[in-house]
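Visitor: Contents of my_file_39.txt (compact mmCIF, C-alpha atoms):
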```txt
# COMPACT_ATOMS: atom_id res chain seq x y z
CA MET A 17 5.99 -143.22 -14.42
CA TYR A 18 2.51 -141.86 -14.41
CA THR A 19 3.02 -140.09 -11.09
CA LEU A 20 6.29 -138.67 -12.32
CA LYS A 21 4.49 -137.25 -15.35
CA THR A 22 1.79 -135.80 -13.14
CA PHE A 23 4.43 -134.34 -10.88
CA MET A 24 6.29 -132.81 -13.83
CA ALA A 25 3.04 -131.36 -15.14
CA ALA A 26 2.31 -129.86 -11.74
CA VAL A 27 5.80 -128.37 -11.61
CA ALA A 28 5.36 -126.98 -15.12
CA ILE A 29 2.08 -125.36 -14.16
CA LEU A 30 3.57 -123.96 -10.98
CA VAL A 31 6.60 -122.57 -12.77
CA SER A 32 4.56 -121.03 -15.58
CA SER A 33 2.13 -119.46 -13.12
CA VAL A 34 5.03 -117.92 -11.20
CA PHE A 35 6.33 -116.38 -14.40
CA THR A 36 3.01 -115.19 -15.77
CA SER A 37 1.35 -114.01 -12.58
CA ASN A 38 0.99 -110.27 -12.33
CA PRO A 39 2.60 -109.04 -9.12
CA GLY A 40 0.27 -106.01 -8.88
CA TYR A 41 -2.68 -105.33 -6.63
CA LYS A 42 -5.59 -107.69 -6.15
CA ILE A 43 -9.05 -106.66 -5.02
CA GLY A 44 -8.88 -105.92 -1.29
CA ASP A 45 -5.22 -104.89 -1.26
CA ALA A 46 -4.21 -101.50 0.09
CA ALA A 47 -2.76 -99.31 -2.67
CA SER A 48 0.31 -97.24 -1.97
CA ASP A 49 0.23 -93.48 -2.22
CA PHE A 50 2.58 -91.61 -4.53
CA SER A 51 3.89 -88.14 -5.20
CA LEU A 52 3.96 -87.50 -8.93
CA MET A 53 4.44 -84.35 -10.97
CA GLY A 54 1.30 -83.21 -12.72
CA ILE A 55 0.52 -80.96 -15.67
CA SER A 56 -0.23 -78.18 -13.17
CA GLY A 57 3.48 -78.07 -12.28
CA LYS A 58 2.80 -79.39 -8.77
CA LYS A 59 3.32 -82.79 -7.27
CA VAL A 60 0.12 -84.65 -6.47
CA SER A 61 -0.52 -87.36 -3.88
CA LEU A 62 -3.67 -89.23 -2.95
CA SER A 63 -3.30 -87.88 0.58
CA ASP A 64 -3.74 -84.31 -0.76
CA TYR A 65 -7.44 -85.10 -1.07
CA LYS A 66 -8.44 -84.87 2.57
CA ASN A 67 -12.16 -85.04 1.90
CA ALA A 68 -12.09 -87.78 -0.71
CA LYS A 69 -13.92 -91.04 0.01
CA GLY A 70 -11.76 -92.75 -2.56
CA TYR A 71 -10.20 -92.35 -5.98
CA ILE A 72 -10.62 -93.37 -9.58
CA VAL A 73 -6.97 -93.96 -10.53
CA ILE A 74 -6.63 -94.31 -14.30
CA PHE A 75 -3.40 -95.22 -16.09
CA THR A 76 -3.78 -93.54 -19.45
CA CYS A 77 -1.79 -91.65 -22.06
CA ASN A 78 -1.95 -89.35 -25.08
CA THR A 79 -0.94 -91.80 -27.75
CA CYS A 80 -2.91 -95.02 -27.38
CA PRO A 81 -6.02 -95.15 -29.59
CA TYR A 82 -7.95 -96.88 -26.80
CA ALA A 83 -6.92 -94.21 -24.31
CA ILE A 84 -7.86 -91.48 -26.79
CA ALA A 85 -11.25 -93.13 -27.32
CA TYR A 86 -11.86 -92.80 -23.58
CA GLU A 87 -10.60 -89.23 -22.99
CA ASP A 88 -14.04 -87.64 -22.90
CA ARG A 89 -15.39 -90.44 -20.75
CA ILE A 90 -12.55 -90.00 -18.25
CA GLU A 91 -13.35 -86.29 -17.99
CA ALA A 92 -17.04 -87.15 -17.57
CA LEU A 93 -16.20 -89.55 -14.73
CA HIS A 94 -14.30 -86.81 -12.94
CA LYS A 95 -17.12 -84.29 -13.44
CA LYS A 96 -19.65 -86.74 -12.09
CA TYR A 97 -17.75 -88.23 -9.17
CA ALA A 98 -15.19 -85.70 -7.89
CA SER A 99 -17.92 -83.80 -6.05
CA LYS A 100 -19.21 -87.09 -4.62
CA GLY A 101 -15.80 -87.86 -3.16
CA TYR A 102 -14.23 -89.93 -5.94
CA PRO A 103 -11.95 -87.75 -8.07
CA VAL A 104 -10.18 -89.12 -11.14
CA ILE A 105 -6.40 -89.25 -10.75
CA ALA A 106 -4.87 -89.94 -14.18
CA ILE A 107 -1.33 -91.30 -14.37
CA MET A 108 0.66 -91.49 -17.60
CA PRO A 109 2.84 -94.62 -17.23
CA ASN A 110 4.78 -94.68 -20.52
CA ASN A 111 8.45 -93.85 -20.86
CA PRO A 112 8.42 -90.57 -22.84
CA ALA A 113 11.88 -91.37 -24.21
CA VAL A 114 10.27 -94.31 -26.01
CA GLN A 115 6.95 -92.58 -26.68
CA PRO A 116 7.69 -88.86 -27.23
CA GLY A 117 4.00 -88.13 -27.71
CA ASP A 118 3.60 -88.81 -24.00
CA SER A 119 6.07 -86.23 -22.70
CA MET A 120 5.01 -83.86 -19.93
CA GLU A 121 4.83 -81.07 -22.52
CA ALA A 122 2.59 -83.20 -24.76
CA MET A 123 0.44 -84.12 -21.75
CA LYS A 124 -0.08 -80.43 -20.99
CA VAL A 125 -1.03 -79.69 -24.59
CA ARG A 126 -3.47 -82.59 -24.76
CA ALA A 127 -5.06 -81.74 -21.40
CA LYS A 128 -5.61 -78.17 -22.57
CA GLU A 129 -7.08 -79.26 -25.91
CA LYS A 130 -9.46 -81.64 -24.20
CA GLY A 131 -10.18 -79.43 -21.20
CA PHE A 132 -9.15 -82.00 -18.62
CA THR A 133 -10.07 -80.87 -15.11
CA PHE A 134 -8.59 -83.90 -13.34
CA PRO A 135 -4.92 -84.14 -12.35
CA TYR A 136 -2.84 -85.75 -15.11
CA LEU A 137 0.41 -87.04 -13.65
CA MET A 138 3.64 -88.45 -15.05
CA ASP A 139 4.84 -91.74 -13.58
CA GLU A 140 8.39 -90.47 -13.64
CA GLY A 141 10.86 -93.35 -13.43
CA GLN A 142 7.93 -95.74 -14.00
CA LYS A 143 7.79 -96.88 -10.39
CA ILE A 144 4.10 -96.61 -9.64
CA TYR A 145 2.40 -98.57 -12.44
CA PRO A 146 4.28 -101.82 -11.59
CA GLN A 147 3.15 -101.53 -7.95
CA TYR A 148 -0.44 -101.34 -9.12
CA GLY A 149 0.13 -104.04 -11.72
CA ALA A 150 -1.12 -101.93 -14.60
CA THR A 151 -0.20 -103.50 -17.93
CA LYS A 152 -1.84 -101.20 -20.42
CA THR A 153 -3.58 -97.93 -21.12
CA PRO A 154 -6.32 -97.31 -20.16
CA HIS A 155 -6.30 -99.37 -16.96
CA VAL A 156 -8.50 -98.33 -14.02
CA TYR A 157 -8.17 -98.89 -10.26
CA VAL A 158 -11.03 -97.70 -8.07
CA LEU A 159 -9.84 -97.19 -4.50
CA GLN A 160 -11.87 -96.59 -1.36
CA LYS A 161 -10.55 -95.09 1.87
CA THR A 162 -11.10 -97.76 4.51
CA SER A 163 -9.44 -98.76 7.77
CA LYS A 164 -6.95 -100.72 5.59
CA GLY A 165 -5.90 -97.58 3.75
CA ASN A 166 -6.72 -96.98 0.10
CA GLU A 167 -8.35 -100.30 -0.57
CA VAL A 168 -8.54 -101.57 -4.16
CA LYS A 169 -12.19 -102.18 -4.96
CA TYR A 170 -12.27 -102.44 -8.73
CA ILE A 171 -9.69 -103.15 -11.47
CA GLY A 172 -10.23 -103.04 -15.18
CA ALA A 173 -12.03 -101.26 -17.97
CA ILE A 174 -14.13 -98.10 -17.96
CA ASP A 175 -17.05 -99.66 -19.81
CA ASP A 176 -17.82 -102.35 -22.37
CA ASN A 177 -17.57 -100.45 -25.64
CA TYR A 178 -14.41 -98.56 -26.56
CA GLN A 179 -15.68 -97.74 -30.03
CA ASP A 180 -18.99 -96.11 -29.39
CA VAL A 181 -20.08 -94.40 -26.20
CA ALA A 182 -23.71 -94.57 -27.35
CA ALA A 183 -23.51 -98.36 -27.63
CA VAL A 184 -22.19 -98.94 -24.10
CA ASN A 185 -24.23 -101.52 -22.20
CA THR A 186 -22.35 -101.65 -18.90
CA LYS A 187 -20.51 -98.76 -17.29
CA TYR A 188 -18.17 -100.80 -15.10
CA VAL A 189 -16.46 -97.91 -13.29
CA GLU A 190 -19.67 -95.95 -12.69
CA ASN A 191 -21.35 -99.08 -11.36
CA ALA A 192 -18.42 -99.72 -9.05
CA VAL A 193 -18.33 -96.18 -7.66
CA ASP A 194 -22.11 -96.04 -7.35
CA ALA A 195 -22.00 -99.27 -5.37
CA LEU A 196 -19.31 -97.86 -3.05
CA LEU A 197 -21.29 -94.65 -2.57
CA SER A 198 -24.44 -96.56 -1.69
CA GLY A 199 -22.64 -99.12 0.46
CA ASN A 200 -23.51 -102.02 -1.83
CA GLU A 201 -21.36 -104.85 -3.11
CA ILE A 202 -19.67 -104.16 -6.46
CA LYS A 203 -21.06 -106.71 -8.90
CA GLU A 204 -18.17 -106.81 -11.36
CA LYS A 205 -14.94 -106.20 -9.48
CA GLU A 206 -12.57 -107.04 -12.33
CA THR A 207 -13.03 -106.61 -16.06
CA ARG A 208 -10.73 -106.77 -19.05
CA ALA A 209 -10.26 -104.72 -22.15
CA ILE A 210 -7.78 -104.42 -24.95
CA GLY A 211 -5.26 -101.67 -24.42
CA CYS A 212 -1.80 -100.51 -25.39
CA THR A 213 1.17 -102.07 -23.66
CA ILE A 214 2.89 -99.67 -21.30
CA LYS A 215 6.05 -98.49 -23.06
CA VAL A 216 9.22 -99.08 -21.04
CA MET B 28 -25.06 -105.41 -36.44
CA GLY B 29 -24.70 -105.45 -40.22
CA LYS B 30 -21.04 -106.35 -39.82
CA ILE B 31 -21.90 -109.46 -37.87
CA GLY B 32 -24.31 -110.39 -40.61
CA PHE B 33 -21.57 -109.96 -43.15
CA ILE B 34 -19.22 -112.05 -41.06
CA LEU B 35 -21.80 -114.80 -40.87
CA LEU B 36 -22.19 -114.58 -44.61
CA LEU B 37 -18.44 -115.00 -45.03
CA LEU B 38 -18.56 -118.03 -42.80
CA PHE B 39 -21.50 -119.36 -44.77
CA LEU B 40 -19.78 -118.84 -48.11
CA SER B 41 -16.55 -120.39 -46.96
CA CYS B 42 -18.44 -123.56 -46.06
CA LYS B 43 -17.52 -123.47 -42.41
CA ASN B 44 -20.79 -125.21 -41.82
CA GLU B 45 -19.84 -126.44 -38.41
CA SER B 46 -20.49 -122.87 -37.33
CA LYS B 47 -23.82 -123.06 -35.55
CA SER B 48 -24.36 -119.35 -35.91
CA THR B 49 -24.94 -119.78 -39.63
CA ASP B 50 -27.76 -122.19 -38.97
CA ARG B 51 -29.45 -119.65 -36.79
CA LEU B 52 -29.84 -117.13 -39.61
CA SER B 53 -33.43 -116.71 -40.64
CA ALA B 54 -34.23 -116.46 -44.34
CA ASN B 55 -34.84 -112.78 -43.82
CA GLU B 56 -31.44 -112.16 -42.30
CA GLN B 57 -29.77 -114.11 -45.07
CA ASN B 58 -31.34 -111.82 -47.64
CA GLU B 59 -30.18 -108.88 -45.63
CA THR B 60 -26.62 -110.12 -45.41
CA LEU B 61 -26.56 -111.12 -49.06
CA LYS B 62 -27.60 -107.62 -49.98
CA LYS B 63 -24.78 -106.25 -47.89
CA GLY B 64 -22.42 -108.74 -49.47
CA ASP B 65 -23.36 -107.49 -52.93
CA GLU B 66 -22.78 -103.92 -51.90
CA LYS B 67 -19.40 -104.89 -50.56
CA ALA B 68 -18.48 -106.71 -53.73
CA THR B 69 -19.13 -103.65 -55.88
CA ALA B 70 -17.09 -101.37 -53.64
CA SER B 71 -13.72 -100.53 -55.15
CA THR B 72 -11.62 -102.01 -52.33
CA PRO B 73 -8.36 -103.63 -53.41
CA PHE B 74 -9.22 -106.74 -51.45
CA ASP B 75 -11.77 -107.91 -48.96
CA LEU B 76 -10.66 -107.98 -45.37
CA GLU B 77 -12.13 -110.85 -43.39
CA VAL B 78 -13.77 -109.32 -40.32
CA TYR B 79 -15.10 -111.44 -37.49
CA ASP B 80 -16.73 -111.05 -34.14
CA PHE B 81 -15.44 -113.37 -31.41
CA GLU B 82 -17.88 -116.13 -32.34
CA GLY B 83 -16.54 -115.93 -35.87
CA LEU B 84 -12.95 -115.95 -34.65
CA GLU B 85 -13.31 -119.02 -32.44
CA PRO B 86 -12.93 -121.57 -35.26
CA PHE B 87 -9.47 -120.05 -35.91
CA LEU B 88 -8.45 -120.74 -32.32
CA THR B 89 -8.84 -124.49 -32.30
CA THR B 90 -7.80 -127.36 -34.54
CA ASN B 91 -8.15 -131.09 -35.04
CA SER B 92 -5.49 -131.18 -37.76
CA ASP B 93 -1.78 -131.83 -37.35
CA LYS B 94 -0.93 -128.16 -37.89
CA THR B 95 0.49 -125.74 -35.33
CA TYR B 96 -1.05 -122.30 -35.37
CA VAL B 97 0.60 -119.10 -34.22
CA VAL B 98 -2.09 -116.46 -33.71
CA ASN B 99 -0.75 -112.96 -33.13
CA PHE B 100 -3.00 -110.14 -31.87
CA TRP B 101 -1.81 -106.77 -33.15
CA ALA B 102 -2.83 -103.40 -34.56
CA THR B 103 -1.25 -100.96 -37.01
CA TRP B 104 -0.92 -98.33 -34.25
CA CYS B 105 0.89 -100.74 -31.88
CA ALA B 106 4.62 -100.08 -32.31
CA PRO B 107 5.90 -103.22 -30.54
CA CYS B 108 3.49 -105.27 -32.66
CA ILE B 109 4.85 -103.83 -35.90
CA LYS B 110 8.39 -104.44 -34.70
CA GLU B 111 7.84 -108.16 -34.19
CA MET B 112 5.76 -108.77 -37.33
CA PRO B 113 8.75 -109.62 -39.56
CA TYR B 114 9.66 -112.43 -37.13
CA PHE B 115 6.22 -113.95 -37.49
CA GLU B 116 6.43 -113.61 -41.26
CA LYS B 117 9.81 -115.32 -41.24
CA LEU B 118 8.48 -118.10 -39.03
CA ASN B 119 5.49 -118.59 -41.32
CA SER B 120 7.80 -118.99 -44.28
CA ASN B 121 10.58 -121.02 -42.62
CA TYR B 122 8.27 -123.44 -40.85
CA ALA B 123 5.61 -123.90 -43.52
CA ASP B 124 6.99 -127.37 -44.30
CA LYS B 125 6.64 -128.23 -40.61
CA LYS B 126 2.96 -127.36 -40.82
CA VAL B 127 3.19 -124.13 -38.88
CA GLU B 128 0.81 -121.36 -39.89
CA VAL B 129 0.81 -117.77 -38.66
CA ILE B 130 -2.45 -115.83 -38.45
CA PHE B 131 -2.41 -112.10 -37.69
CA VAL B 132 -5.55 -110.92 -35.91
CA SER B 133 -5.85 -107.15 -36.23
CA LEU B 134 -7.54 -105.18 -33.48
CA ASP B 135 -7.58 -101.96 -35.47
CA PHE B 136 -10.78 -99.94 -35.12
CA PRO B 137 -13.23 -100.57 -37.99
CA ASN B 138 -13.03 -96.92 -39.09
CA LYS B 139 -9.33 -97.49 -39.77
CA TYR B 140 -9.68 -100.60 -41.95
CA ASP B 141 -9.63 -98.71 -45.23
CA SER B 142 -7.33 -95.86 -44.19
CA ASN B 143 -4.71 -97.80 -42.19
CA LEU B 144 -5.09 -101.55 -42.05
CA LYS B 145 -5.62 -102.47 -45.70
CA PRO B 146 -2.84 -100.18 -46.97
CA PHE B 147 -0.51 -101.61 -44.30
CA ILE B 148 -1.20 -105.22 -45.33
CA LYS B 149 -0.60 -104.27 -48.96
CA ASP B 150 2.51 -102.14 -48.39
CA GLN B 151 4.16 -104.69 -46.11
CA ASN B 152 3.20 -107.41 -48.53
CA LEU B 153 2.23 -109.67 -45.63
CA LYS B 154 2.24 -113.30 -46.64
CA SER B 155 0.65 -114.69 -43.48
CA LYS B 156 -3.12 -114.67 -43.23
CA VAL B 157 -4.55 -111.44 -41.78
CA ILE B 158 -8.02 -111.22 -40.34
CA ALA B 159 -9.68 -108.51 -38.26
CA LEU B 160 -11.51 -108.97 -34.98
CA ASN B 161 -14.28 -106.47 -34.35
CA ASP B 162 -15.94 -107.29 -31.06
CA THR B 163 -16.26 -104.52 -28.49
CA ASP B 164 -17.28 -106.80 -25.63
CA SER B 165 -13.67 -107.59 -24.81
CA ASN B 166 -14.44 -108.39 -21.17
CA THR B 167 -16.27 -111.46 -22.45
CA TRP B 168 -13.84 -112.69 -25.08
CA ILE B 169 -10.38 -111.86 -23.63
CA PRO B 170 -10.61 -114.52 -20.88
CA LYS B 171 -11.88 -117.03 -23.46
CA ILE B 172 -8.63 -116.59 -25.38
CA SER B 173 -6.61 -116.79 -22.17
CA GLU B 174 -7.30 -116.29 -18.49
CA ASP B 175 -3.76 -114.89 -18.31
CA TRP B 176 -4.39 -112.08 -20.80
CA SER B 177 -4.77 -108.62 -19.24
CA GLY B 178 -5.71 -107.22 -22.64
CA ALA B 179 -2.41 -105.60 -23.62
CA ILE B 180 -1.08 -106.18 -27.12
CA PRO B 181 1.03 -107.60 -28.65
CA ALA B 182 -0.21 -110.97 -27.52
CA THR B 183 0.26 -114.38 -29.11
CA LEU B 184 -1.46 -117.74 -28.88
CA ILE B 185 0.35 -120.86 -30.08
CA PHE B 186 -1.58 -124.10 -30.30
CA ASN B 187 -1.97 -127.44 -31.98
CA LYS B 188 -4.43 -130.21 -31.25
CA ASP B 189 -2.56 -131.33 -28.12
CA LYS B 190 -1.30 -128.17 -26.57
CA ARG B 191 -1.84 -124.44 -26.29
CA GLN B 192 0.12 -121.62 -24.74
CA PHE B 193 -0.60 -117.91 -24.46
CA TYR B 194 2.01 -115.13 -24.35
CA GLU B 195 1.35 -111.52 -23.36
CA GLN B 196 4.75 -110.29 -24.55
CA SER B 197 6.84 -109.24 -27.51
CA PHE B 198 8.97 -111.78 -29.34
CA THR B 199 12.31 -111.88 -31.07
CA TYR B 200 12.68 -114.42 -33.87
CA GLY B 201 14.79 -116.66 -31.64
CA GLU B 202 12.25 -116.61 -28.82
CA LEU B 203 9.43 -117.34 -31.21
CA GLU B 204 11.30 -120.22 -32.78
CA THR B 205 12.10 -121.69 -29.35
CA GLU B 206 8.43 -121.61 -28.36
CA VAL B 207 7.20 -123.07 -31.64
CA LYS B 208 9.72 -125.91 -31.45
CA GLN B 209 8.07 -127.00 -28.19
CA PHE B 210 4.96 -127.70 -30.25
CA LEU B 211 6.74 -129.67 -32.96
CA LYS B 212 8.15 -132.38 -30.72
```
Kindly transcribe the structure held in the file into structure tokens.
Guide:
Amino acid sequence: MYTLKTFMAAVAILVSSVFTSNPGYKIGDAASDFSLMGISGKKVSLSDYKNAKGYIVIFTCNTCPYAIAYEDRIEALHKKYASKGYPVIAIMPNNPAVQPGDSMEAMKVRAKEKGFTFPYLMDEGQKIYPQYGATKTPHVYVLQKTSKGNEVKYIGAIDDNYQDVAAVNTKYVENAVDALLSGNEIKEKETRAIGCTIKV
Amino acid sequence: MGKIGFILLLLFLSCKNESKSTDRLSANEQNETLKKGDEKATASTPFDLEVYDFEGLEPFLTTNSDKTYVVNFWATWCAPCIKEMPYFEKLNSNYADKKVEVIFVSLDFPNKYDSNLKPFIKDQNLKSKVIALNDTDSNTWIPKISEDWSGAIPATLIFNKDKRQFYEQSFTYGELETEVKQFLK
């Protein structure tokens, strides 16, 4: 009886882990490229960036308060790291039919207001974010070009304080990219933050 | 850090003396928090919102009693959260006699408490308990609530003294009822 119980418990755990596990990328996986329409009116792919050493792929949007809180910091990341070989590639994963504030038109308006200089792309048909395993905005994937392809090196939050940039203690993404640039091991490869569910 | 002080004061006043953090307050800090408490009391807010950091929230996430708790993480700006709130309210009312209690944990930003959160609680006439979590170090506390939580909301934790289960998903009333019944067996 006891073993049956143990067995049932094991089955329950197995079943629940199958249902809850996120099918997206893990650290070390090779991320797929994409071709998504951007606010510039042109399609953008990772492979367009011939000289890049990697990418800071950020799933973000216009409408989520957490994403809005990070807009300036996303632009700052691009300003700091694009010239070092790690441009920001922002992808808007929400369904604009559900979230009209995230339409391509609204993305263009917001990018102009905020002076975004990074590509801001629409995940049309919502096919890319599930491949990455993004669940929320903002959600960051730092990729490095390696022999494997675009290897996932960091997944998670931008830093540890969404409310107040002046009170940030740890800049997770900067630390990760700095480590990649200097050939060191990334200390925190995965972090978590509250964000808005991607609207399907 | 004044907010944390105020939270500790709330804990202190509500006799949650098992909270070790209260014991750590120096006399000086207690004066400081009391002062802040007085200021708060004189402010013309319609009601006082209970605001906690994660340490303050933890006592709400565990129980030795025979109750089942349904803790829902939400925010006023989160549309799917607002959509499912009536189901939690209904559950709280329909299952009160089965010792089920719903607690709404708001993740609204502190600068929206007065402008958005408090008016929402009042306008919706929420009957379930509402508290606010203000703790920016989410990388530390999210995995403590559940290793399975990516950080997206809505998210819900159901637990009693024997069992706990975390859900990063939206609920219908039927789905919620089905889950809660698992805890009442």
Visitor: Kindly determine which residues of chain A lie within 9 Å of chain B, considering all atoms listed in the file, and give the answer as a PyMOL selection string.
Guide: chain A and resi 36-38+80-81+150-153+172-173+176-180+207-215
Visitor: Select, from A:Val181, A:Ala122, A:Ile107, A:Val158, the residue with the minimum atom-to-atom distance to Val60 (chain A), counting all atoms listed in the file.
Guide: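 Of A:Val181, A:Ala122, A:Ile107, A:Val158, the one nearest Val60 (chain A), counting all atoms listed in the file, is A:Ile107.
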Visitor: Phe87 (chain B): which residues within 9 Å, counting all atoms listed in the file, same-chain residues fewer than 2 positions away excluded, as a PyMOL selection string?
Guide: chain B and resi 83-85+89-90+96+98+130
Visitor: Find the distance between CA of Lys94 (chain B) and CA of Val127 (chain B) and write it in Å to one decimal.
Guide: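 Separation of CA of Lys94 (chain B) and CA of Val127 (chain B): 5.8 Å.
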Visitor: Applying 12 Å and all atoms listed in the file, which residues near Tyr97 (chain A) remain after dropping the ones on its own chain fewer than 2 positions away? List them as a PDB file with C-alpha atoms, keeping the file's coordinate frame.
Guide:
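Saved result, around37.pdb, follows:
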```
ATOM      1  CA  ALA A  68     -12.090 -87.780  -0.710  1.00  0.00           C
ATOM      2  CA  LYS A  69     -13.920 -91.040   0.010  1.00  0.00           C
ATOM      3  CA  GLY A  70     -11.760 -92.750  -2.560  1.00  0.00           C
ATOM      4  CA  TYR A  71     -10.200 -92.350  -5.980  1.00  0.00           C
ATOM      5  CA  ILE A  72     -10.620 -93.370  -9.580  1.00  0.00           C
ATOM      6  CA  ILE A  90     -12.550 -90.000 -18.250  1.00  0.00           C
ATOM      7  CA  GLU A  91     -13.350 -86.290 -17.990  1.00  0.00           C
ATOM      8  CA  ALA A  92     -17.040 -87.150 -17.570  1.00  0.00           C
ATOM      9  CA  LEU A  93     -16.200 -89.550 -14.730  1.00  0.00           C
ATOM     10  CA  HIS A  94     -14.300 -86.810 -12.940  1.00  0.00           C
ATOM     11  CA  LYS A  95     -17.120 -84.290 -13.440  1.00  0.00           C
ATOM     12  CA  SER A  99     -17.920 -83.800  -6.050  1.00  0.00           C
ATOM     13  CA  LYS A 100     -19.210 -87.090  -4.620  1.00  0.00           C
ATOM     14  CA  GLY A 101     -15.800 -87.860  -3.160  1.00  0.00           C
ATOM     15  CA  TYR A 102     -14.230 -89.930  -5.940  1.00  0.00           C
ATOM     16  CA  PRO A 103     -11.950 -87.750  -8.070  1.00  0.00           C
ATOM     17  CA  VAL A 104     -10.180 -89.120 -11.140  1.00  0.00           C
ATOM     18  CA  ILE A 105      -6.400 -89.250 -10.750  1.00  0.00           C
ATOM     19  CA  PHE A 134      -8.590 -83.900 -13.340  1.00  0.00           C
ATOM     20  CA  VAL A 158     -11.030 -97.700  -8.070  1.00  0.00           C
ATOM     21  CA  VAL A 189     -16.460 -97.910 -13.290  1.00  0.00           C
ATOM     22  CA  GLU A 190     -19.670 -95.950 -12.690  1.00  0.00           C
ATOM     23  CA  ASN A 191     -21.350 -99.080 -11.360  1.00  0.00           C
ATOM     24  CA  ALA A 192     -18.420 -99.720  -9.050  1.00  0.00           C
ATOM     25  CA  VAL A 193     -18.330 -96.180  -7.660  1.00  0.00           C
ATOM     26  CA  ASP A 194     -22.110 -96.040  -7.350  1.00  0.00           C
ATOM     27  CA  LEU A 196     -19.310 -97.860  -3.050  1.00  0.00           C
ATOM     28  CA  LEU A 197     -21.290 -94.650  -2.570  1.00  0.00           C
TER      29      LEU A 197
END
```
